[in-house]
>>> print(open('target_33.tsv').read())   # TSV, C-alpha atoms
chain	number	residue	atom	x	y	z
A	94	MET	CA	0.00	0.00	0.00
A	95	GLY	CA	1.49	3.31	-1.04
A	96	ILE	CA	1.96	6.27	1.23
A	97	PRO	CA	-1.02	8.64	0.85
A	98	TRP	CA	0.92	11.78	0.10
A	99	GLU	CA	-2.07	12.91	-1.94
A	100	SER	CA	-3.87	13.47	1.36
A	101	ALA	CA	-1.45	16.26	2.23
A	102	PRO	CA	-2.79	19.78	1.66
A	103	SER	CA	-2.12	21.17	-1.79
A	104	ASP	CA	-1.25	24.58	-0.33
A	105	TRP	CA	2.47	24.27	0.25
A	106	GLY	CA	2.81	27.98	0.89
A	107	LEU	CA	2.78	27.14	4.59
A	108	PRO	CA	5.45	28.07	7.12
A	109	ALA	CA	8.34	25.60	7.19
A	110	PHE	CA	7.31	24.05	10.52
A	111	ASP	CA	3.76	23.49	9.26
A	112	LYS	CA	5.12	21.65	6.23
A	113	LEU	CA	7.16	19.41	8.48
A	114	ASP	CA	4.08	18.71	10.60
A	115	VAL	CA	2.11	17.74	7.50
A	116	LEU	CA	4.88	15.42	6.32
A	117	GLU	CA	5.18	13.86	9.76
A	118	ASP	CA	1.42	13.28	10.00
A	119	SER	CA	1.33	11.75	6.51
A	120	LEU	CA	4.22	9.45	7.33
A	121	VAL	CA	2.60	8.28	10.55
A	122	ASP	CA	-0.66	7.64	8.69
A	123	ALA	CA	1.26	5.65	6.06
A	124	LEU	CA	2.94	3.46	8.66
A	125	LEU	CA	-0.37	2.73	10.35
A	126	GLN	CA	-1.99	1.92	7.00
A	127	ALA	CA	0.82	-0.51	6.19
A	128	ALA	CA	0.35	-2.27	9.55
A	129	PRO	CA	-1.54	-1.53	12.79
A	130	TRP	CA	0.30	0.00	15.74
A	131	TRP	CA	0.35	-3.31	17.64
A	132	ALA	CA	2.17	-5.00	14.72
A	133	TRP	CA	4.90	-2.35	14.73
A	134	GLY	CA	5.13	-2.43	18.52
A	135	GLY	CA	5.07	-6.23	18.70
A	136	PHE	CA	7.82	-6.57	16.10
A	137	HIS	CA	10.13	-4.15	17.93
A	138	ALA	CA	9.39	-5.84	21.26
A	139	PHE	CA	10.35	-9.18	19.70
A	140	VAL	CA	13.60	-7.73	18.29
A	141	PHE	CA	14.49	-6.19	21.65
A	142	LEU	CA	13.76	-9.47	23.45
A	143	MET	CA	15.93	-11.52	21.07
A	144	LEU	CA	18.83	-9.06	21.27
A	145	THR	CA	18.60	-9.05	25.07
A	146	LEU	CA	18.65	-12.85	25.19
A	147	ASP	CA	21.50	-12.94	22.69
A	148	LEU	CA	23.93	-10.66	24.51
A	149	GLY	CA	22.57	-10.73	28.05
A	150	VAL	CA	21.99	-14.48	28.42
A	151	PHE	CA	23.49	-16.72	25.75
A	152	ASN	CA	26.59	-14.60	25.05
A	153	ARG	CA	27.07	-12.96	28.43
A	154	LYS	CA	30.67	-14.15	28.66
A	155	ILE	CA	33.19	-12.94	26.09
A	156	HIS	CA	34.08	-15.89	23.89
A	157	ALA	CA	34.71	-16.92	20.30
A	158	PRO	CA	31.56	-18.63	18.94
A	159	SER	CA	32.21	-22.12	17.61
A	160	MET	CA	31.07	-23.26	14.18
A	161	ARG	CA	28.36	-25.32	15.89
A	162	GLU	CA	27.09	-22.35	17.91
A	163	ALA	CA	27.14	-20.06	14.86
A	164	GLY	CA	25.32	-22.70	12.83
A	165	ILE	CA	22.62	-23.12	15.47
A	166	TRP	CA	22.04	-19.37	15.77
A	167	SER	CA	21.96	-18.98	11.99
A	168	ALA	CA	19.34	-21.72	11.81
A	169	VAL	CA	17.34	-20.03	14.59
A	170	TRP	CA	17.29	-16.66	12.83
A	171	ILE	CA	16.40	-18.17	9.45
A	172	THR	CA	13.61	-20.25	11.04
A	173	LEU	CA	12.18	-17.21	12.82
A	174	ALA	CA	12.30	-15.26	9.56
A	175	LEU	CA	10.45	-18.01	7.70
A	176	ILE	CA	7.81	-18.22	10.45
A	177	PHE	CA	7.30	-14.47	10.24
A	178	ASN	CA	7.09	-14.77	6.44
A	179	ALA	CA	4.44	-17.47	6.82
A	180	VAL	CA	2.41	-15.07	8.98
A	181	ILE	CA	2.69	-12.43	6.23
A	182	PHE	CA	1.50	-14.98	3.65
A	183	GLN	CA	-1.43	-15.93	5.88
A	184	THR	CA	-2.55	-12.43	6.86
A	185	GLU	CA	-1.60	-10.29	3.85
A	186	GLY	CA	-1.80	-12.70	0.93
A	187	THR	CA	0.55	-14.26	-1.60
A	188	GLN	CA	1.76	-11.02	-3.19
A	189	LYS	CA	2.91	-9.46	0.09
A	190	GLY	CA	4.37	-12.79	1.19
A	191	LEU	CA	6.45	-13.07	-1.98
A	192	GLU	CA	7.56	-9.45	-1.66
A	193	TRP	CA	8.70	-10.12	1.91
A	194	PHE	CA	10.61	-13.27	1.01
A	195	THR	CA	12.24	-11.65	-2.01
A	196	GLY	CA	13.26	-8.63	0.06
A	197	TYR	CA	14.69	-10.94	2.74
A	198	VAL	CA	16.71	-13.00	0.24
A	199	LEU	CA	17.93	-9.85	-1.52
A	200	GLU	CA	19.04	-8.11	1.69
A	201	LYS	CA	20.56	-11.31	3.08
A	202	SER	CA	22.57	-11.79	-0.10
A	203	LEU	CA	23.78	-8.19	-0.28
A	204	SER	CA	24.69	-8.36	3.41
A	205	VAL	CA	27.16	-11.14	2.62
A	206	ASP	CA	29.27	-8.49	0.90
A	207	ASN	CA	29.45	-6.77	4.29
A	208	LEU	CA	31.05	-9.89	5.69
A	209	PHE	CA	34.02	-9.60	3.34
A	210	VAL	CA	34.61	-6.07	4.64
A	211	PHE	CA	34.08	-7.11	8.27
A	212	VAL	CA	36.84	-9.71	7.90
A	213	LEU	CA	39.15	-7.04	6.49
A	214	VAL	CA	38.32	-4.57	9.29
A	215	PHE	CA	38.95	-7.11	12.05
A	216	GLN	CA	42.19	-8.24	10.44
A	217	SER	CA	43.42	-4.67	9.99
A	218	PHE	CA	42.70	-3.73	13.61
A	219	GLN	CA	43.89	-7.14	14.86
A	220	VAL	CA	40.66	-7.86	16.75
A	221	ASP	CA	40.70	-11.26	18.43
A	222	LEU	CA	37.84	-13.59	17.44
A	223	ARG	CA	36.40	-13.64	20.96
A	224	HIS	CA	35.86	-9.85	20.90
A	225	GLN	CA	34.29	-9.70	17.44
A	226	HIS	CA	30.86	-10.88	18.59
A	227	ARG	CA	30.34	-7.91	20.92
A	228	VAL	CA	31.44	-5.43	18.23
A	229	LEU	CA	29.00	-6.97	15.75
A	230	PHE	CA	26.19	-6.92	18.33
A	231	TRP	CA	26.46	-3.15	18.84
A	232	GLY	CA	27.05	-2.75	15.12
A	233	VAL	CA	23.75	-4.49	14.40
A	234	LEU	CA	21.97	-2.33	16.96
A	235	GLY	CA	23.22	0.82	15.22
A	236	ALA	CA	22.34	-0.68	11.84
A	237	LEU	CA	18.72	-1.18	12.94
A	238	LEU	CA	18.36	2.54	13.68
A	239	MET	CA	20.07	3.63	10.46
A	240	ARG	CA	18.08	1.19	8.32
A	241	ALA	CA	14.80	2.36	9.86
A	242	ALA	CA	15.56	5.99	9.00
A	243	MET	CA	16.73	5.16	5.47
A	244	ILE	CA	13.75	2.91	4.70
A	245	LEU	CA	11.27	5.52	5.87
A	246	ALA	CA	13.06	8.23	3.90
A	247	GLY	CA	13.33	6.07	0.78
A	248	THR	CA	9.68	5.03	0.91
A	249	ALA	CA	8.60	8.64	1.41
A	250	LEU	CA	10.71	9.85	-1.52
A	251	LEU	CA	9.44	7.16	-3.90
A	252	ASN	CA	5.81	7.81	-3.04
A	253	ARG	CA	6.10	11.59	-3.04
A	254	PHE	CA	8.39	11.86	-6.08
A	255	GLU	CA	7.83	9.03	-8.56
A	256	TRP	CA	10.85	10.11	-10.62
A	257	MET	CA	13.11	9.12	-7.71
A	258	MET	CA	12.62	5.55	-8.90
A	259	TYR	CA	14.84	6.34	-11.90
A	260	VAL	CA	17.43	7.94	-9.64
A	261	PHE	CA	17.56	4.86	-7.40
A	262	GLY	CA	17.54	2.53	-10.39
A	263	GLY	CA	20.29	4.41	-12.18
A	264	PHE	CA	22.41	4.44	-9.03
A	265	LEU	CA	22.04	0.68	-8.55
A	266	LEU	CA	22.86	0.03	-12.21
A	267	TYR	CA	25.95	2.24	-11.98
A	268	THR	CA	27.06	0.52	-8.77
A	269	GLY	CA	26.57	-2.94	-10.26
A	270	VAL	CA	28.47	-2.14	-13.45
A	271	LYS	CA	31.26	-0.49	-11.47
A	272	MET	CA	31.62	-3.59	-9.27
A	273	LEU	CA	31.83	-5.74	-12.40
A	274	LEU	CA	34.38	-3.64	-14.24
A	275	VAL	CA	36.58	-2.16	-11.51
A	276	LYS	CA	38.91	-4.70	-9.97
A	277	GLY	CA	41.44	-4.00	-7.27
A	278	GLU	CA	42.43	-4.65	-3.70
A	279	ASP	CA	40.19	-3.49	-0.89
A	280	PRO	CA	41.50	-0.33	0.83
A	281	ASP	CA	43.10	-0.56	4.25
A	282	PRO	CA	40.39	0.46	6.80
A	283	THR	CA	43.04	1.84	9.16
A	284	GLN	CA	43.89	4.49	6.53
A	285	ASN	CA	40.29	5.57	6.06
A	286	PRO	CA	39.92	9.42	6.30
A	287	MET	CA	37.25	8.95	8.97
A	288	VAL	CA	39.62	6.79	11.03
A	289	ARG	CA	42.45	9.29	10.72
A	290	ALA	CA	40.13	12.18	11.70
A	291	PHE	CA	38.87	10.22	14.71
A	292	ARG	CA	42.40	9.59	15.94
A	293	ARG	CA	43.27	13.24	15.47
A	294	PHE	CA	40.34	14.88	17.23
A	295	VAL	CA	39.28	12.29	19.85
A	296	PRO	CA	41.56	11.40	22.80
A	297	TYR	CA	42.69	7.94	21.76
A	298	ASP	CA	44.43	5.17	23.70
A	299	GLU	CA	46.25	2.92	21.23
A	300	ARG	CA	46.81	0.37	23.99
A	301	GLY	CA	43.19	0.39	25.20
A	302	GLY	CA	42.51	-3.07	23.81
A	303	HIS	CA	39.24	-4.53	22.55
A	304	GLU	CA	37.37	-5.34	25.78
A	305	HIS	CA	35.90	-1.87	26.37
A	306	PHE	CA	34.96	1.16	24.29
A	307	TRP	CA	36.60	3.60	26.71
A	308	SER	CA	39.63	3.54	28.97
A	309	TYR	CA	40.43	5.84	31.89
A	310	ARG	CA	43.88	7.14	32.73
A	311	GLU	CA	44.82	9.92	35.16
A	312	GLY	CA	41.19	11.02	35.42
A	313	ARG	CA	40.76	11.32	31.64
A	314	ARG	CA	38.64	9.23	29.30
A	315	PHE	CA	40.15	7.84	26.11
A	316	ALA	CA	38.62	6.02	23.17
A	317	THR	CA	39.96	2.51	22.65
A	318	PRO	CA	40.60	0.60	19.40
A	319	MET	CA	37.32	-1.23	20.17
A	320	LEU	CA	35.35	2.00	19.71
A	321	LEU	CA	37.23	2.81	16.52
A	322	VAL	CA	36.43	-0.65	15.13
A	323	LEU	CA	32.74	-0.20	15.99
A	324	ILE	CA	32.59	3.19	14.23
A	325	THR	CA	34.30	1.69	11.17
A	326	ILE	CA	31.76	-1.16	11.12
A	327	GLU	CA	28.84	1.30	11.41
A	328	VAL	CA	30.14	3.50	8.59
A	329	THR	CA	30.70	0.40	6.45
A	330	ASP	CA	27.11	-0.72	7.02
A	331	LEU	CA	25.83	2.75	6.17
A	332	VAL	CA	27.72	2.65	2.86
A	333	PHE	CA	26.26	-0.76	2.02
A	334	ALA	CA	22.77	0.35	3.04
A	335	VAL	CA	22.92	3.02	0.35
A	336	ASP	CA	22.89	0.14	-2.16
A	337	SER	CA	20.69	-2.39	-0.39
A	338	ILE	CA	17.78	-0.16	0.70
A	339	PRO	CA	16.94	1.08	-2.84
A	340	ALA	CA	17.28	-2.53	-4.05
A	341	VAL	CA	14.66	-3.76	-1.58
A	342	LEU	CA	12.41	-0.78	-2.36
A	343	ALA	CA	12.41	-2.03	-5.96
A	344	VAL	CA	10.63	-5.15	-4.68
A	345	SER	CA	8.03	-3.52	-2.43
A	346	ARG	CA	6.82	-0.05	-1.42
A	347	ASP	CA	5.15	-1.36	1.73
A	348	PRO	CA	7.20	0.08	4.63
A	349	PHE	CA	6.30	-2.80	6.95
A	350	VAL	CA	7.34	-5.44	4.41
A	351	VAL	CA	10.57	-3.63	3.53
A	352	TYR	CA	11.50	-2.82	7.13
A	353	THR	CA	10.80	-6.19	8.75
A	354	SER	CA	12.43	-8.24	5.97
A	355	ASN	CA	15.48	-5.97	6.13
A	356	ILE	CA	15.76	-6.23	9.91
A	357	PHE	CA	15.42	-10.02	9.94
A	358	ALA	CA	18.24	-10.26	7.40
A	359	ILE	CA	20.46	-7.97	9.49
A	360	LEU	CA	19.71	-9.78	12.76
A	361	GLY	CA	21.14	-13.03	11.43
A	362	LEU	CA	24.23	-11.38	9.99
A	363	ARG	CA	26.48	-11.89	13.04
A	364	SER	CA	25.87	-15.64	13.21
A	365	LEU	CA	26.38	-15.91	9.48
A	366	TYR	CA	29.66	-14.04	9.83
A	367	PHE	CA	31.10	-16.55	12.30
A	368	LEU	CA	29.77	-19.41	10.19
A	369	LEU	CA	31.40	-18.17	6.98
A	370	ALA	CA	34.36	-16.08	8.20
A	371	LYS	CA	36.87	-18.86	7.61
A	372	MET	CA	35.40	-19.75	4.22
A	373	MET	CA	35.20	-16.29	2.63
A	374	ASP	CA	38.02	-17.01	0.19
A	375	ARG	CA	36.06	-19.93	-1.24
A	376	PHE	CA	33.27	-17.59	-2.42
A	377	HIS	CA	35.50	-15.22	-4.38
A	378	ARG	CA	33.02	-15.02	-7.30
A	379	LEU	CA	30.10	-14.02	-5.08
A	380	LYS	CA	30.91	-10.32	-5.53
A	381	THR	CA	30.41	-10.75	-9.26
A	382	GLY	CA	27.01	-12.29	-8.58
A	383	LEU	CA	26.05	-9.48	-6.22
A	384	ALA	CA	27.10	-6.91	-8.81
A	385	MET	CA	24.85	-8.61	-11.37
A	386	VAL	CA	21.97	-8.61	-8.87
A	387	LEU	CA	22.37	-4.86	-8.26
A	388	ALA	CA	22.50	-4.22	-12.01
A	389	PHE	CA	19.36	-6.35	-12.58
A	390	VAL	CA	17.42	-4.55	-9.82
A	391	GLY	CA	18.57	-1.19	-11.20
A	392	VAL	CA	17.30	-2.07	-14.69
A	393	LYS	CA	14.05	-3.35	-13.15
A	394	MET	CA	13.45	0.01	-11.47
A	395	CYS	CA	14.32	2.02	-14.58
A	396	VAL	CA	11.93	0.11	-16.90
A	397	ALA	CA	9.15	-0.48	-14.35
A	398	ASN	CA	6.73	1.92	-16.11
A	399	TRP	CA	7.07	0.02	-19.39
A	400	VAL	CA	8.01	-3.54	-18.45
A	401	HIS	CA	6.54	-5.14	-15.34
A	402	ILE	CA	8.58	-8.02	-13.92
A	403	PRO	CA	6.46	-10.01	-11.41
A	404	VAL	CA	8.05	-10.45	-8.00
A	405	GLN	CA	8.22	-14.24	-8.34
A	406	TYR	CA	10.28	-13.90	-11.53
A	407	SER	CA	12.56	-11.39	-9.82
A	408	LEU	CA	13.07	-13.87	-7.00
A	409	LEU	CA	13.97	-16.65	-9.44
A	410	ILE	CA	16.42	-14.45	-11.33
A	411	ILE	CA	18.14	-13.26	-8.14
A	412	ALA	CA	18.34	-16.82	-6.76
A	413	ALA	CA	19.75	-18.13	-10.06
A	414	ILE	CA	22.46	-15.43	-10.19
A	415	LEU	CA	23.54	-16.03	-6.59
A	416	ALA	CA	23.48	-19.82	-6.93
A	417	GLY	CA	25.50	-19.57	-10.14
A	418	SER	CA	28.16	-17.40	-8.47
A	419	VAL	CA	28.48	-19.83	-5.53
A	420	VAL	CA	28.75	-22.85	-7.85
A	421	ALA	CA	31.32	-21.05	-10.01
A	422	SER	CA	33.35	-20.18	-6.88
A	423	LEU	CA	33.47	-23.82	-5.82
A	424	ALA	CA	34.08	-25.15	-9.34
A	425	TRP	CA	36.91	-22.70	-10.10
A	426	PRO	CA	38.79	-21.93	-6.86
A	427	ALA	CA	40.65	-18.64	-6.53
A	428	GLU	CA	44.08	-20.19	-7.02
A	429	GLN	CA	43.02	-21.32	-10.50
A	430	ASP	CA	42.05	-17.84	-11.67
A	431	GLY	CA	45.51	-17.07	-12.93
A	432	ALA	CA	45.53	-20.21	-15.04
A	433	GLU	CA	42.25	-19.51	-16.75
>>> encode(input="target_33.tsv", output="structure tokens")
Amino acid sequence: MGIPWESAPSDWGLPAFDKLDVLEDSLVDALLQAAPWWAWGGFHAFVFLMLTLDLGVFNRKIHAPSMREAGIWSAVWITLALIFNAVIFQTEGTQKGLEWFTGYVLEKSLSVDNLFVFVLVFQSFQVDLRHQHRVLFWGVLGALLMRAAMILAGTALLNRFEWMMYVFGGFLLYTGVKMLLVKGEDPDPTQNPMVRAFRRFVPYDERGGHEHFWSYREGRRFATPMLLVLITIEVTDLVFAVDSIPAVLAVSRDPFVVYTSNIFAILGLRSLYFLLAKMMDRFHRLKTGLAMVLAFVGVKMCVANWVHIPVQYSLLIIAAILAGSVVASLAWPAEQDGAE
């Protein structure tokens, strides 16, 4: 269901604050039309409960998750997502259910690209495996807030300004083609301008370790490498969200469908990281597949007014591209690339 921007007054010669009030009221109405207040509240209560159990109960002690533990948690998050998807199918119908599942698969797939960068960040800052879980937990918490803001803004823009669909589509197409054509080594996160600025302007304790975000010496508070790693992770996720949010909005304009599918994909990202961290090199062709997915979604948005691609066909195309890239990675390992 689209956001009813048409219900806003046509007289936009109002004072600036009145305009903001109108936009805020329209946005609230749109959210409540997409889902009742108890659905929004219940979903956030569930997310808060799961995050509390995750860090406060099951992962209270600092440790490095085993493959078995990561596998179990990955299975738990995927199962919960599928149960939620079944509820969407039952209550909202097949179309909304397919949109939710496609959005979940799309965001989950694009999030895998984050994992490659996470590995690089942790290696560059020499973060021990047992401390990575806590960093990713707070990183996910920050990602939830950023994604919520970006999804609401993106949905509002698309429904208020239809031409923004071409802007989003063109950006995704450009990003996909650039990923396909531009090859090179990933930059060193420790040399990022943001990292250098942080070290320059914030009191920083190089020896602060990775157990706490702040250290205290001689009555002064200093940022530790742990805090710097967290900020780097958050900025990285924000950069990736610029690609992934428009991609999911190409599948559905329903803010509840887009938001909940996105959040479920993000919630399972930490477990997936520990499950795949040691196998990243085996999926070296996955980035090519993700680039093709972004390019496909970009084209889909750009031609939507002339060529309608049903959501089930989009899902099949995305799944085929990703499966093909995984199979190609396993069939032609990275060490063979130079011989091809």
>>> closest_atom_pairs(input="target_33.tsv", of="range 237-319 of chain A", to="range 333-343 of chain A", cutoff="10 Å", atoms="only C-alpha atoms", output="JSON lines")
{"residue": "A:Met239", "atom": "CA", "partner": "A:Ala334", "partner_atom": "CA", "distance": 8.6}
{"residue": "A:Arg240", "atom": "CA", "partner": "A:Ala334", "partner_atom": "CA", "distance": 7.1}
{"residue": "A:Ala241", "atom": "CA", "partner": "A:Ile338", "partner_atom": "CA", "distance": 10.0}
{"residue": "A:Met243", "atom": "CA", "partner": "A:Ile338", "partner_atom": "CA", "distance": 7.2}
{"residue": "A:Ile244", "atom": "CA", "partner": "A:Ile338", "partner_atom": "CA", "distance": 6.5}
{"residue": "A:Gly247", "atom": "CA", "partner": "A:Pro339", "partner_atom": "CA", "distance": 7.1}
{"residue": "A:Thr248", "atom": "CA", "partner": "A:Leu342", "partner_atom": "CA", "distance": 7.2}
{"residue": "A:Leu251", "atom": "CA", "partner": "A:Leu342", "partner_atom": "CA", "distance": 8.6}
{"residue": "A:Met258", "atom": "CA", "partner": "A:Ala343", "partner_atom": "CA", "distance": 8.1}
{"residue": "A:Val260", "atom": "CA", "partner": "A:Pro339", "partner_atom": "CA", "distance": 9.7}
{"residue": "A:Phe261", "atom": "CA", "partner": "A:Pro339", "partner_atom": "CA", "distance": 6.0}
{"residue": "A:Gly262", "atom": "CA", "partner": "A:Pro339", "partner_atom": "CA", "distance": 7.7}
{"residue": "A:Phe264", "atom": "CA", "partner": "A:Asp336", "partner_atom": "CA", "distance": 8.1}
{"residue": "A:Leu265", "atom": "CA", "partner": "A:Asp336", "partner_atom": "CA", "distance": 6.5}
{"residue": "A:Thr268", "atom": "CA", "partner": "A:Asp336", "partner_atom": "CA", "distance": 7.8}
{"residue": "A:Gly269", "atom": "CA", "partner": "A:Asp336", "partner_atom": "CA", "distance": 9.4}
>>> closest_residue(input="target_33.tsv", among="A:Val392, A:Asn207, A:Val386, A:Val270", to="Val332 in chain A", atoms="all atoms listed in the file")
A:Asn207
>>> closest_residue(input="target_33.tsv", among="A:Ala236, A:Ile165, A:Leu409, A:Leu387", to="Phe194 in chain A", atoms="only C-alpha atoms")
A:Leu409
>>> closest_residue(input="target_33.tsv", among="A:Leu175, A:Leu379, A:Ala290, A:Leu238", to="Tyr197 in chain A", atoms="all atoms listed in the file")
A:Leu175
>>> closest_residue(input="target_33.tsv", among="A:Tyr406, A:Tyr267, A:Phe306, A:Phe254", to="Ala388 in chain A", atoms="only C-alpha atoms")
A:Tyr267
>>> residues_near_point(input="target_33.tsv", point="(14.9, -15.3, -9.6)", cutoff="12 Å", atoms="only C-alpha atoms", output="list in words")
Leu191, Phe194, Thr195, Gly196, Val198, Leu199, Val386, Phe389, Val390, Ile402, Pro403, Val404, Gln405, Tyr406, Ser407, Leu408, Leu409, Ile410, Ile411, Ala412, Ala413, Ile414, Leu415, Ala416 and Gly417 of chain A
>>> axis_aligned_box(input="target_33.tsv", around="range 341-347 of chain A", padding_each_side="5 Å", output="JSON")
{"center_x": 9.9, "center_y": -2.6, "center_z": -2.1, "size_x": 19.5, "size_y": 15.1, "size_z": 17.7}
>>> closest_residue(input="target_33.tsv", among="A:Lys189, A:Met287, A:Cys395, A:Thr329", to="Ser345 in chain A", atoms="only C-alpha atoms")
A:Lys189
>>> atom_distance(input="target_33.tsv", atom1="CA of Trp193 in chain A", atom2="CA of Ala242 in chain A")
18.9 Å
>>> atom_distance(input="target_33.tsv", atom1="CA of His377 in chain A", atom2="CA of Ala424 in chain A")
11.2 Å
>>> closest_residue(input="target_33.tsv", among="A:Ala316, A:Ile356, A:Leu331, A:Ala168", to="Val140 in chain A", atoms="all atoms listed in the file")
A:Ile356
